[in-house]
$ cat entry03.txt   # compact mmCIF, C-alpha atoms
# COMPACT_ATOMS: atom_id res chain seq x y z
CA MET A 1 145.22 66.53 128.35
CA PHE A 2 143.34 69.75 127.73
CA PRO A 3 143.66 71.54 124.40
CA ARG A 4 146.13 74.39 124.75
CA GLU A 5 143.70 76.82 123.13
CA SER A 6 141.08 76.04 125.81
CA LEU A 7 143.51 76.75 128.63
CA GLU A 8 144.59 79.97 126.98
CA ARG A 9 140.97 81.03 126.59
CA ILE A 10 140.24 80.32 130.24
CA ALA A 11 143.42 82.11 131.35
CA ALA A 12 142.37 85.14 129.32
CA ALA A 13 139.03 85.18 131.14
CA VAL A 14 140.19 84.60 134.71
CA GLY A 15 143.86 85.67 134.65
CA GLU A 16 146.97 83.58 134.07
CA ASP A 17 147.83 83.61 137.77
CA ALA A 18 144.53 81.84 138.49
CA VAL A 19 145.24 78.83 136.24
CA GLU A 20 147.57 76.10 137.49
CA GLU A 21 148.59 72.91 135.69
CA HIS A 22 149.82 70.25 138.10
CA SER A 23 150.25 66.55 138.68
CA ALA A 24 146.97 64.73 138.39
CA LEU A 25 144.80 64.69 141.52
CA GLU A 26 142.41 61.76 141.54
CA VAL A 27 138.86 62.19 142.82
CA ASP A 28 137.06 58.85 142.86
CA GLY A 29 139.30 57.56 140.08
CA THR A 30 138.94 60.61 137.83
CA ALA A 31 142.10 62.65 137.25
CA PHE A 32 142.16 66.45 137.50
CA ALA A 33 145.36 68.15 136.31
CA VAL A 34 144.22 71.79 136.13
CA THR A 35 143.01 73.99 138.98
CA LEU A 36 141.35 77.39 138.63
CA ARG A 37 141.64 79.78 141.57
CA PRO A 38 139.53 82.86 140.75
CA ALA A 39 140.25 85.83 142.99
CA ASP A 40 136.70 87.18 143.32
CA GLY A 41 133.09 86.56 142.40
CA GLU A 42 133.40 88.23 139.02
CA ALA A 43 136.30 85.94 138.16
CA VAL A 44 134.23 82.90 139.23
CA GLY A 45 131.51 83.95 136.79
CA ARG A 46 134.04 84.48 133.98
CA SER A 47 135.60 81.09 134.73
CA LEU A 48 132.29 79.28 134.40
CA ALA A 49 131.35 81.13 131.23
CA ALA A 50 134.71 80.25 129.68
CA LEU A 51 134.43 76.60 130.71
CA GLY A 52 130.99 76.38 129.12
CA ALA A 53 132.26 77.99 125.90
CA CYS A 54 135.08 75.42 125.76
CA GLY A 55 132.82 72.47 126.54
CA LEU A 56 134.64 71.77 129.82
CA THR A 57 133.35 71.00 133.30
CA ALA A 58 134.29 72.00 136.85
CA LEU A 59 134.53 70.06 140.06
CA VAL A 60 134.10 72.72 142.75
CA ARG A 61 136.48 72.49 145.70
CA GLY A 62 136.37 74.27 149.05
CA GLY A 63 138.69 72.99 151.78
CA GLY A 64 138.91 69.54 150.22
CA ASN A 65 137.56 67.71 153.28
CA ARG A 66 134.53 66.30 151.48
CA LEU A 67 135.76 65.52 147.97
CA GLY A 68 135.01 61.87 148.70
CA ILE A 69 131.29 62.54 149.17
CA GLY A 70 129.32 62.16 145.97
CA ASN A 71 128.99 59.87 143.02
CA VAL A 72 131.89 59.16 140.70
CA PRO A 73 132.41 62.12 138.30
CA SER A 74 130.90 61.39 134.91
CA ARG A 75 133.27 63.70 132.98
CA GLU A 76 136.79 64.95 133.34
CA GLY A 77 137.29 68.67 133.80
CA VAL A 78 139.10 71.18 135.98
CA LEU A 79 139.09 71.78 139.71
CA LEU A 80 137.53 75.13 140.60
CA SER A 81 138.89 76.20 143.98
CA THR A 82 137.29 78.92 146.10
CA GLU A 83 140.34 79.31 148.37
CA ARG A 84 141.09 82.87 147.19
CA LEU A 85 137.55 84.00 148.00
CA SER A 86 138.48 84.37 151.64
CA GLY A 87 137.69 86.65 154.56
CA VAL A 88 134.90 88.01 156.73
CA ASP A 89 134.27 91.26 154.90
CA GLU A 90 131.29 92.48 156.94
CA PHE A 91 130.52 91.91 160.61
CA ASP A 92 127.85 93.65 162.68
CA PRO A 93 128.36 92.83 166.37
CA GLY A 94 125.19 94.72 167.25
CA GLU A 95 122.95 92.55 165.06
CA GLY A 96 124.94 89.35 165.40
CA VAL A 97 125.38 88.76 161.67
CA CYS A 98 128.38 88.55 159.38
CA HIS A 99 129.22 88.08 155.73
CA ALA A 100 131.91 85.51 154.99
CA ARG A 101 133.34 84.73 151.57
CA ALA A 102 133.19 81.12 150.41
CA GLY A 103 136.86 80.25 150.92
CA THR A 104 136.95 81.48 154.53
CA ARG A 105 138.04 78.79 156.94
CA LEU A 106 135.70 78.24 159.86
CA ALA A 107 138.46 78.75 162.42
CA ALA A 108 139.40 82.10 160.87
CA ALA A 109 135.81 83.32 161.03
CA GLN A 110 135.50 82.15 164.63
CA ALA A 111 138.62 84.11 165.57
CA ILE A 112 137.07 87.31 164.21
CA VAL A 113 133.64 87.12 165.86
CA CYS A 114 134.54 85.48 169.18
CA PRO A 115 136.21 88.54 170.83
CA HIS A 116 132.95 90.45 170.29
CA GLY A 117 130.80 87.98 172.20
CA TRP A 118 129.65 85.80 169.30
CA GLU A 119 130.27 82.30 168.02
CA PHE A 120 130.52 81.36 164.35
CA PRO A 121 127.74 78.79 163.95
CA LEU A 122 129.17 76.37 161.36
CA ASP A 123 130.75 73.41 163.12
CA ALA A 124 131.68 70.84 160.46
CA PRO A 125 134.87 68.83 161.10
CA GLY A 126 138.12 69.43 159.24
CA VAL A 127 140.80 72.03 159.92
CA THR A 128 140.58 73.26 156.32
CA ALA A 129 136.76 73.35 156.24
CA THR A 130 135.48 76.48 154.48
CA VAL A 131 132.21 78.36 154.60
CA GLY A 132 131.32 77.60 150.99
CA GLY A 133 132.24 73.93 151.21
CA VAL A 134 130.30 73.38 154.41
CA LEU A 135 127.21 75.09 153.03
CA ALA A 136 127.42 73.28 149.69
CA ALA A 137 127.59 69.94 151.48
CA GLY A 138 125.12 70.91 154.22
CA ALA A 139 127.75 69.53 156.57
CA VAL A 140 127.17 69.42 160.31
CA GLY A 141 129.30 68.79 163.38
CA PRO A 142 128.45 67.87 166.97
CA ARG A 143 127.50 71.45 167.90
CA ALA A 144 124.78 71.55 165.26
CA GLN A 145 122.68 70.23 168.14
CA GLY A 146 122.79 73.73 169.67
CA HIS A 147 123.74 75.94 166.75
CA GLY A 148 121.34 74.52 164.17
CA ARG A 149 121.87 73.01 160.73
CA PRO A 150 123.56 75.09 158.01
CA ARG A 151 120.38 75.58 156.01
CA ASP A 152 118.75 77.25 159.02
CA LEU A 153 121.69 79.59 159.68
CA VAL A 154 122.00 81.13 156.22
CA LEU A 155 120.38 84.53 155.77
CA GLY A 156 121.62 85.21 152.25
CA LEU A 157 123.89 83.81 149.56
CA GLU A 158 125.79 85.07 146.52
CA VAL A 159 126.02 82.38 143.86
CA ALA A 160 127.63 82.10 140.43
CA LEU A 161 125.52 80.02 138.04
CA ALA A 162 126.93 77.66 135.44
CA SER A 163 126.26 80.23 132.72
CA GLY A 164 128.56 82.70 134.45
CA GLU A 165 125.65 84.81 135.66
CA ARG A 166 126.00 85.98 139.25
CA THR A 167 122.98 86.13 141.50
CA HIS A 168 122.04 86.51 145.14
CA CYS A 169 119.18 85.43 147.38
CA GLY A 170 118.07 86.46 150.84
CA GLY A 171 119.89 89.22 152.72
CA ARG A 172 121.57 90.14 155.98
CA VAL A 173 118.52 89.97 158.25
CA VAL A 174 115.84 87.38 158.88
CA LYS A 175 113.07 89.85 157.95
CA ASN A 176 114.42 90.05 154.41
CA VAL A 177 112.87 86.87 153.05
CA THR A 178 113.36 87.58 149.34
CA GLY A 179 114.63 84.36 147.80
CA TYR A 180 114.75 82.68 151.20
CA ASP A 181 113.89 79.23 149.82
CA LEU A 182 116.76 79.51 147.34
CA ASN A 183 119.14 79.63 150.30
CA LYS A 184 117.88 76.21 151.29
CA LEU A 185 118.03 74.97 147.71
CA TYR A 186 121.71 75.81 147.26
CA THR A 187 122.67 74.62 150.75
CA GLY A 188 123.28 70.89 150.51
CA SER A 189 123.21 70.73 146.69
CA PHE A 190 126.95 69.89 146.57
CA GLY A 191 127.72 72.64 144.08
CA SER A 192 125.60 71.01 141.41
CA LEU A 193 123.39 74.10 140.90
CA GLY A 194 125.83 76.97 141.42
CA VAL A 195 129.09 78.02 143.04
CA ILE A 196 128.63 79.74 146.40
CA GLU A 197 130.69 82.96 146.50
CA GLY A 198 129.75 84.17 149.98
CA ALA A 199 127.10 84.02 152.66
CA TRP A 200 125.35 86.12 155.30
CA LEU A 201 125.12 84.04 158.47
CA ARG A 202 123.29 84.41 161.77
CA LEU A 203 125.78 84.18 164.65
CA ARG A 204 125.23 82.58 168.05
CA PRO A 205 125.78 84.47 171.33
CA ARG A 206 128.84 83.24 173.19
CA PRO A 207 127.52 81.38 176.25
CA GLU A 208 128.13 82.58 179.79
CA ARG A 209 129.22 79.10 180.81
CA THR A 210 130.04 75.77 179.20
CA ALA A 211 130.53 72.34 180.72
CA VAL A 212 131.57 69.03 179.15
CA PHE A 213 130.84 65.56 180.51
CA GLU A 214 131.70 62.07 179.35
CA SER A 215 131.23 58.48 180.35
CA SER A 216 132.32 55.12 179.00
CA GLY A 217 131.03 51.59 179.15
CA SER A 218 130.48 48.41 177.19
CA ARG A 219 126.69 48.04 176.96
CA LEU A 220 124.32 49.27 174.26
CA ASP A 221 121.22 48.94 176.43
CA GLY A 222 119.45 52.30 176.64
CA VAL A 223 122.22 54.20 174.87
CA GLY A 224 119.84 55.69 172.30
CA GLU A 225 117.29 56.75 174.90
CA ARG A 226 119.95 58.25 177.16
CA GLY A 227 121.45 60.27 174.33
CA LEU A 228 118.07 61.54 173.22
CA ALA A 229 117.12 62.55 176.77
CA ALA A 230 120.40 64.45 177.15
CA ALA A 231 119.90 66.16 173.78
CA ARG A 232 116.54 67.46 174.99
CA ARG A 233 118.06 69.39 177.88
CA ALA A 234 117.72 73.13 177.33
CA THR A 235 121.47 73.84 177.35
CA ALA A 236 122.61 70.79 175.35
CA ARG A 237 124.92 72.11 172.62
CA ALA A 238 126.55 68.82 171.61
CA VAL A 239 125.59 65.23 172.41
CA ALA A 240 127.37 62.26 170.84
CA THR A 241 127.82 58.55 171.37
CA ALA A 242 130.72 56.67 169.78
CA VAL A 243 130.75 52.87 169.65
CA CYS A 244 133.80 50.85 168.68
CA VAL A 245 133.01 47.22 167.87
CA ARG A 246 135.63 44.56 168.59
CA GLY A 247 134.08 41.18 167.88
CA SER A 248 131.46 40.63 170.55
CA GLU A 249 132.77 43.53 172.66
CA ARG A 250 131.55 47.13 172.53
CA ASP A 251 133.43 50.21 173.71
CA VAL A 252 130.83 52.94 174.24
CA GLU A 253 131.87 56.56 174.80
CA PHE A 254 129.23 59.17 175.63
CA THR A 255 129.92 62.92 175.44
CA VAL A 256 127.73 65.92 176.35
CA GLU A 257 128.51 69.62 176.09
CA LEU A 258 126.24 72.13 177.83
CA ALA A 259 126.28 75.86 177.05
CA GLY A 260 124.16 78.78 178.22
CA ASP A 261 123.58 80.94 181.27
CA ALA A 262 125.31 79.73 184.42
CA ALA A 263 122.15 78.73 186.31
CA SER A 264 120.72 76.67 183.46
CA VAL A 265 124.03 74.92 182.78
CA GLU A 266 124.37 74.09 186.49
CA ARG A 267 120.87 72.60 186.54
CA ASP A 268 121.44 70.47 183.45
CA ALA A 269 124.90 69.46 184.63
CA ALA A 270 123.38 67.96 187.78
CA TRP A 271 120.90 66.03 185.61
CA VAL A 272 123.65 64.69 183.32
CA GLU A 273 125.78 63.55 186.26
CA GLU A 274 122.84 61.78 187.85
CA HIS A 275 121.11 60.21 184.85
CA CYS A 276 124.06 59.60 182.53
CA ASP A 277 126.64 58.55 185.12
CA ALA A 278 129.00 61.07 183.51
CA GLN A 279 131.95 62.98 184.89
CA THR A 280 133.40 66.38 184.05
CA ALA A 281 135.69 66.31 181.02
CA GLU A 282 137.87 68.66 178.99
CA PRO A 283 136.46 70.48 175.92
CA VAL A 284 138.69 68.35 173.67
CA ALA A 285 136.20 65.53 174.26
CA VAL A 286 133.92 67.26 171.75
CA ASP A 287 136.82 67.65 169.32
CA ARG A 288 137.39 63.89 169.48
CA MET A 289 133.81 63.31 168.36
CA ARG A 290 134.35 65.72 165.48
CA GLU A 291 137.51 63.87 164.45
CA LEU A 292 135.69 60.54 164.54
CA GLN A 293 133.05 61.97 162.21
CA LEU A 294 135.62 63.04 159.63
CA ARG A 295 137.83 59.97 159.91
CA SER A 296 137.66 57.72 156.87
CA PRO A 297 137.17 54.00 157.39
CA ASP A 298 139.67 51.42 156.26
CA PRO A 299 140.52 52.16 152.58
CA SER A 300 138.56 49.10 151.52
CA GLY A 301 135.55 49.89 153.71
CA LEU A 302 132.46 52.08 153.36
CA ARG A 303 131.18 54.93 155.53
CA PHE A 304 127.41 55.44 155.61
CA ARG A 305 125.44 58.31 157.11
CA ILE A 306 121.95 57.25 158.15
CA ASP A 307 119.01 59.41 159.25
CA ALA A 308 116.75 57.95 161.91
CA LEU A 309 113.57 58.92 163.70
CA PRO A 310 114.28 59.78 167.34
CA SER A 311 112.12 56.91 168.56
CA ARG A 312 114.21 54.43 166.53
CA LEU A 313 117.73 55.53 167.42
CA GLN A 314 118.26 52.57 169.72
CA LEU A 315 117.08 50.16 167.02
CA ALA A 316 119.40 51.81 164.48
CA LEU A 317 122.36 51.56 166.81
CA GLU A 318 121.74 47.89 167.62
CA GLN A 319 121.35 46.93 163.97
CA LEU A 320 124.44 48.83 162.85
CA CYS A 321 126.63 47.37 165.60
CA GLU A 322 125.85 43.88 164.30
CA ARG A 323 127.91 44.57 161.19
CA CYS A 324 129.87 47.82 161.57
CA GLU A 325 133.33 48.44 162.98
CA SER A 326 132.32 51.75 164.53
CA VAL A 327 129.22 53.92 164.87
CA LEU A 328 128.99 57.60 165.80
CA VAL A 329 125.57 58.92 166.85
CA TYR A 330 124.31 62.49 167.14
CA PRO A 331 120.96 61.73 168.82
CA GLY A 332 119.61 65.28 168.78
CA LEU A 333 120.12 65.42 165.02
CA GLY A 334 118.96 61.87 164.33
CA LEU A 335 122.23 61.10 162.52
CA LEU A 336 124.42 58.00 162.64
CA TYR A 337 127.79 57.52 160.93
CA ALA A 338 128.65 53.86 160.43
CA ASP A 339 131.79 52.19 159.07
CA VAL A 340 131.04 48.94 157.26
CA PRO A 341 134.05 46.75 156.45
CA LEU A 342 134.14 44.80 153.22
CA ALA A 343 134.96 41.15 153.77
CA ARG A 344 136.20 40.96 150.20
CA ALA A 345 136.90 43.48 147.45
CA ASP A 346 134.18 42.58 144.98
CA ASP A 347 130.84 43.90 143.80
CA GLY A 348 128.90 41.29 145.74
CA ALA A 349 130.26 42.53 149.05
CA VAL A 350 129.52 46.15 148.11
CA ASP A 351 125.97 45.29 147.03
CA SER A 352 125.45 43.53 150.35
CA ALA A 353 126.73 46.57 152.28
CA PHE A 354 124.46 48.94 150.35
CA ARG A 355 121.46 46.65 150.92
CA PHE A 356 122.29 46.56 154.63
CA ALA A 357 122.44 50.37 154.81
CA ALA A 358 119.19 50.70 152.85
CA SER A 359 117.30 48.17 154.97
CA THR A 360 118.54 49.75 158.20
CA ALA A 361 117.50 53.20 156.99
CA ARG A 362 114.03 51.94 156.09
CA ALA A 363 113.65 50.25 159.47
CA VAL A 364 114.44 53.47 161.32
CA GLY A 365 112.35 55.76 159.12
CA GLY A 366 115.16 57.57 157.27
CA GLY A 367 117.53 57.49 154.34
CA PHE A 368 121.23 56.97 153.81
CA VAL A 369 124.25 58.36 152.00
CA CYS A 370 127.51 56.53 151.38
CA GLU A 371 129.95 59.28 152.42
CA SER A 372 133.19 57.44 151.79
CA GLY A 373 134.44 54.43 149.90
CA PRO A 374 136.87 53.34 147.19
CA ALA A 375 136.08 54.55 143.68
CA TRP A 376 135.61 51.03 142.32
CA ALA A 377 132.93 50.38 144.95
CA LYS A 378 131.04 53.58 144.15
CA ARG A 379 131.17 53.23 140.37
CA GLY A 380 127.79 52.26 138.92
CA ARG A 381 125.98 52.96 142.19
CA ASP A 382 124.18 55.99 143.58
CA VAL A 383 125.75 56.86 146.93
CA PHE A 384 122.63 58.89 147.79
CA GLY A 385 120.47 55.77 147.80
CA ASP A 386 117.16 55.35 146.02
CA VAL A 387 116.13 58.80 144.78
CA SER A 388 113.61 57.60 142.20
CA ALA A 389 110.74 59.43 143.95
CA THR A 390 112.47 62.81 143.72
CA LEU A 391 114.53 62.28 140.57
CA PRO A 392 112.14 64.14 138.21
CA LEU A 393 112.35 67.22 140.45
CA LEU A 394 116.14 66.94 140.73
CA GLU A 395 116.45 66.62 136.96
CA ALA A 396 114.25 69.67 136.42
CA LEU A 397 116.35 71.74 138.83
CA LYS A 398 119.59 70.64 137.21
CA HIS A 399 118.25 71.49 133.76
CA ARG A 400 117.08 74.88 134.98
CA PHE A 401 120.29 75.90 136.75
CA ASP A 402 122.94 73.97 134.81
CA PRO A 403 121.58 72.73 131.48
CA GLY A 404 125.07 72.10 130.10
CA GLY A 405 126.08 69.88 133.00
CA ILE A 406 129.14 72.01 133.78
CA LEU A 407 129.07 71.86 137.58
CA ASN A 408 130.19 68.66 139.31
CA PRO A 409 128.76 66.41 136.55
CA GLY A 410 127.53 63.07 137.81
CA ARG A 411 128.33 63.79 141.44
CA PHE A 412 124.89 64.58 142.86
CA ALA A 413 121.92 62.32 143.56
CA GLY A 414 120.66 60.46 140.53
CA GLY A 415 124.03 60.89 138.81
CA LEU A 416 123.22 64.53 137.99
$ encode --input "entry03.txt" --output "structure tokens"
Amino acid sequence: MFPRESLERIAAAVGEDAVEEHSALEVDGTAFAVTLRPADGEAVGRSLAALGACGLTALVRGGGNRLGIGNVPSREGVLLSTERLSGVDEFDPGEGVCHARAGTRLAAAQAIVCPHGWEFPLDAPGVTATVGGVLAAGAVGPRAQGHGRPRDLVLGLEVALASGERTHCGGRVVKNVTGYDLNKLYTGSFGSLGVIEGAWLRLRPRPERTAVFESSGSRLDGVGERGLAAARRATARAVATAVCVRGSERDVEFTVELAGDAASVERDAAWVEEHCDAQTAEPVAVDRMRELQLRSPDPSGLRFRIDALPSRLQLALEQLCERCESVLVYPGLGLLYADVPLARADDGAVDSAFRFAASTARAVGGGFVCESGPAWAKRGRDVFGDVSATLPLLEALKHRFDPGGILNPGRFAGGL
């Protein structure tokens, strides 16, 4: 229960209509019973300054799709929602850039730019996914194969720091490189360094033609190589392989989306049909892959995301299918999402699952993150794996940007 005087002080800073007391919402076992919904960037800054003055913390929330990613919160606090910071407030069809506020849903932004011949480039799964949340998590979807990763699409950011100070980096064009590296620093930092208020993004031209293909089978032989070869086609916009494991049986579903000028798509389509034994499919096939990525495993299981070198994708897939219930692969991105069941609900089983993820990641030249799991299984563990090599740098950044530990305390790598 928060002291009444603290809530009154915060309400005075951000406005009474922006402070809501409600039934407790649990995030990894920590209860949050107050939500702040600042209406603009200035109110975000005032909110953070007031929280710091009251000795309180904030768990920053976008669309809520990725609240399960991160370590267990180390302190109770309030939820700071960006949902009222919504809308595409600047759009230049001639330059192919737009400015979207943090709470803007991806679908809403797409609806604005699409009629003008552009595609909104962020493709993370989740119908409530927002610009700020996707950038904070560095979240990708299947079309990141063609669109690019979030950190490469951001031209500029406006960010509220934990002190309440508001700052910006980058700008609306690629040539404006002032603070460009700060864009990359904030993107993927899970709101631990600042609250994203809005972003300038580079749009993608809407393709002349698209084509989707899929195939299914039961064998893992050559799946990694086939996916990687398809991802290297010039018009490949999304390539994914989903494997469902049922005992000794494997259900393998392969999906490719091509996009570009008509001649190039036609050429690559002929290659896909010949070399991947794939048939024409509906666009919803890509949506199914996106849904599989977002889907949580059994409540008692763990979801790991593993990075792999392209040359070791097949090895990663074979190792994961020995123990996992399902595996989703984005070969062009070198990403695998694996659901590991827990044979029993105890720490020994969790330790074994984490060791399995770590050893697999090492074998394929990458790292891992536990993206989903019950709070009891995450408590006392770092879901970002072994970060000892980079921990001093992470600690220095956290101290520089958020010395009071106000933003998402405990949630980031190293328990920062």
$ closest_residue --input "entry03.txt" --among "A:Leu258, A:Leu51, A:Leu317, A:Val44" --to "His147 in chain A" --atoms "only C-alpha atoms"
A:Leu258
$ atom_distance --input "entry03.txt" --atom1 "CA of Gly141 in chain A" --atom2 "CA of Gly224 in chain A"
18.5 Å
$ residues_around --input "entry03.txt" --residues "Pro409 in chain A" --least-positions-apart "5" --cutoff "8 Å" --atoms "only C-alpha atoms" --output "ChimeraX atom specification"
/A:57-59,73-75,192,415-416
$ write_last_selection --input "entry03.txt" --atoms "C-alpha atoms" --output "CSV table (one decimal), in the coordinates of the input"
chain,number,residue,atom,x,y,z
A,57,THR,CA,133.4,71.0,133.3
A,58,ALA,CA,134.3,72.0,136.8
A,59,LEU,CA,134.5,70.1,140.1
A,73,PRO,CA,132.4,62.1,138.3
A,74,SER,CA,130.9,61.4,134.9
A,75,ARG,CA,133.3,63.7,133.0
A,192,SER,CA,125.6,71.0,141.4
A,415,GLY,CA,124.0,60.9,138.8
A,416,LEU,CA,123.2,64.5,138.0
$ closest_residue --input "entry03.txt" --among "A:Leu342, A:Val286, A:Val329, A:Leu335" --to "Ala242 in chain A" --atoms "only C-alpha atoms"
A:Val329
$ residues_near_point --input "entry03.txt" --point "(132.6, 80.9, 142.0)" --cutoff "6 Å" --atoms "only C-alpha atoms" --output "PDB file with C-alpha atoms, in the frame of the given file"
ATOM      1  CA  GLY A  41     133.090  86.560 142.400  1.00  0.00           C
ATOM      2  CA  VAL A  44     134.230  82.900 139.230  1.00  0.00           C
ATOM      3  CA  ALA A 160     127.630  82.100 140.430  1.00  0.00           C
ATOM      4  CA  VAL A 195     129.090  78.020 143.040  1.00  0.00           C
ATOM      5  CA  GLU A 197     130.690  82.960 146.500  1.00  0.00           C
TER       6      GLU A 197
END
$ closest_atom_pairs --input "entry03.txt" --of "range 13-73 of chain A" --to "range 117-132 of chain A" --cutoff "8 Å" --atoms "all atoms listed in the file" --output "CSV"
residue,atom,partner,partner_atom,distance
A:Gly62,CA,A:Thr130,CA,5.9
A:Gly63,CA,A:Ala129,CA,4.9
A:Gly64,CA,A:Thr128,CA,7.3
A:Asn65,CA,A:Gly126,CA,6.2
$ atom_distance --input "entry03.txt" --atom1 "CA of Ile196 in chain A" --atom2 "CA of Glu291 in chain A"
25.6 Å
$ closest_residue --input "entry03.txt" --among "A:Pro205, A:Gly29, A:Gly15, A:Gly146" --to "Val113 in chain A" --atoms "only C-alpha atoms"
A:Pro205
$ atom_distance --input "entry03.txt" --atom1 "CA of Leu336 in chain A" --atom2 "CA of Val256 in chain A"
16.2 Å
$ closest_residue --input "entry03.txt" --among "A:Ser47, A:His275, A:Phe304, A:Asp28" --to "Ala377 in chain A" --atoms "only C-alpha atoms"
A:Asp28
$ residues_around --input "entry03.txt" --residues "range 392-398 of chain A" --least-positions-apart "2" --cutoff "12 Å" --atoms "only C-alpha atoms" --output "PyMOL selection string"
chain A and resi 161-162+182+185-186+189-194+387-390+400-416
$ closest_residue --input "entry03.txt" --among "A:Ala238, A:Ala39, A:Val245, A:Ala316" --to "Arg84 in chain A" --atoms "all atoms listed in the file"
A:Ala39
$ closest_residue --input "entry03.txt" --among "A:Gly188, A:Gly170, A:Gly222, A:Gly198" --to "Gly103 in chain A" --atoms "only C-alpha atoms"
A:Gly198
$ build_atoms --input "entry03.txt" --residues "range 333-344 of chain A" --atoms "N, CA and C atoms" --output "tab-separated table (two decimals), keeping the file's coordinate frame"
chain	number	residue	atom	x	y	z
A	333	LEU	N	120.26	65.17	166.45
A	333	LEU	CA	120.12	65.42	165.02
A	333	LEU	C	119.55	64.21	164.28
A	334	GLY	N	119.44	63.08	164.98
A	334	GLY	CA	118.96	61.87	164.33
A	334	GLY	C	119.92	61.35	163.28
A	335	LEU	N	121.22	61.51	163.50
A	335	LEU	CA	122.23	61.10	162.52
A	335	LEU	C	123.14	60.03	163.10
A	336	LEU	N	123.47	59.04	162.26
A	336	LEU	CA	124.42	58.00	162.64
A	336	LEU	C	125.44	57.85	161.52
A	337	TYR	N	126.70	57.75	161.89
A	337	TYR	CA	127.79	57.52	160.93
A	337	TYR	C	128.35	56.13	161.20
A	338	ALA	N	128.30	55.25	160.22
A	338	ALA	CA	128.65	53.86	160.43
A	338	ALA	C	129.70	53.40	159.43
A	339	ASP	N	130.73	52.73	159.92
A	339	ASP	CA	131.79	52.19	159.07
A	339	ASP	C	131.55	50.70	158.86
A	340	VAL	N	131.32	50.33	157.61
A	340	VAL	CA	131.04	48.94	157.26
A	340	VAL	C	132.25	48.36	156.56
A	341	PRO	N	132.91	47.37	157.14
A	341	PRO	CA	134.05	46.75	156.45
A	341	PRO	C	133.58	45.88	155.30
A	342	LEU	N	134.43	45.70	154.32
A	342	LEU	CA	134.14	44.80	153.22
A	342	LEU	C	134.96	43.53	153.41
A	343	ALA	N	134.26	42.41	153.54
A	343	ALA	CA	134.96	41.15	153.77
A	343	ALA	C	135.83	40.78	152.57
A	344	ARG	N	135.42	41.22	151.40
A	344	ARG	CA	136.20	40.96	150.20
A	344	ARG	C	135.98	42.11	149.23
